[in-house]
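The next block holds one structure in the form of structure tokens; read it before the comments.
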Amino acid sequence: MAAKAHVLIVDDDPIVGQTFSRMLTVSGYEVTVVKSVDAGLQAATARVPDVILTDLRMPMTDGLGLLTRVRRDAALRDVPVAIVTGDHFVSAEFVNELQTYGATVRFKPLFLADLLELVEGL
């Protein structure tokens, strides 16, 4: 069986990170979980992931901050990024802004089938 993609998860909520990690790991993905944008950028620089899943609302720097920094980095700019948020009050204009940076936007909760469809689509 061929190895599946390496997924980097950036989420300050350890329960979300662990849950997504377990869901993807049992499906054959290699997963790295970090709790901050800075740690995510360090991890992505050390080993470029195939996909980045990030929360939107995090302390210090949010998912948009991560996304813009990834897009400015020549080594990372082509990595697919999905913003996964529990904030259902995000405006359509803000979602459009995220999409102009090339991000896919999904809302929590994500069940196994949803998460796999998201990652495989990226």
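Scheme for the structure tokens: letters A, B, ... for chains in order shown; per-chain residue numbers from 1; ligand numbers from 1 in order shown.
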
Check: Could you pull the residues within 9 Å of Glu120 in chain A, counting only C-alpha atoms, minus those fewer than 4 positions along the same chain, as a VMD selection string?
Finding: chain A and resid 5 115 to 116

Emit the selected residues as a PDB file, in the first residue's frame, including N, CA, C and O atoms.
ATOM      1  N   ALA A   5      -0.683  11.137   1.730  1.00  0.00           N
ATOM      2  CA  ALA A   5      -0.094  12.461   1.917  1.00  0.00           C
ATOM      3  C   ALA A   5       0.245  12.771   3.368  1.00  0.00           C
ATOM      4  O   ALA A   5      -0.323  12.202   4.298  1.00  0.00           O
ATOM      5  N   LEU A 115     -13.970  15.036   6.422  1.00  0.00           N
ATOM      6  CA  LEU A 115     -12.547  15.326   6.534  1.00  0.00           C
ATOM      7  C   LEU A 115     -11.764  14.642   5.419  1.00  0.00           C
ATOM      8  O   LEU A 115     -10.902  15.250   4.789  1.00  0.00           O
ATOM      9  N   LEU A 116     -12.077  13.388   5.161  1.00  0.00           N
ATOM     10  CA  LEU A 116     -11.388  12.663   4.092  1.00  0.00           C
ATOM     11  C   LEU A 116     -11.674  13.275   2.727  1.00  0.00           C
ATOM     12  O   LEU A 116     -10.780  13.420   1.899  1.00  0.00           O
TER      13      LEU A 116
END

Notebook entry, point to check: Please, which residues of chain A, numbered as in this document, come out strand (DSSP E) from DSSP, as a ChimeraX atom specification?
Noted result: /A:6-10,30-34,51-54,81-85,103-107

Checklist line | Contacts of range 77-90 of chain A within 7 Å, only C-alpha atoms, excl. fewer than 6 positions in-chain, as a ChimeraX atom specification | finding: /A:50-56,63,70-71,103-108,122

Next item on the list: Per DSSP on the backbone, filter chain A down to the residues in helix (DSSP H, G or I) and report them as a ChimeraX atom specification.
Entry: /A:14-25,37-46,63-72,92-100,112-121

Item checked: Nearest to Ala46 in chain A, chosen from A:Ala75, A:Ile15, A:Leu112, A:Thr100, with only C-alpha atoms counted in the distances ->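 Ranked by minimum distance to Ala46 in chain A, first place goes to A:Ala75.
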
Notebook entry, point to check: So what do you get for CA of Asp38 in chain A versus CA of Phe111 in chain A, distance-wise?
Noted result: 27.2 Å

Notebook entry, point to check: What is the CA of Thr45 in chain A-CA of Leu98 in chain A distance in Å, reported with one decimal?
Noted result: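 It comes out at 21.7 Å.
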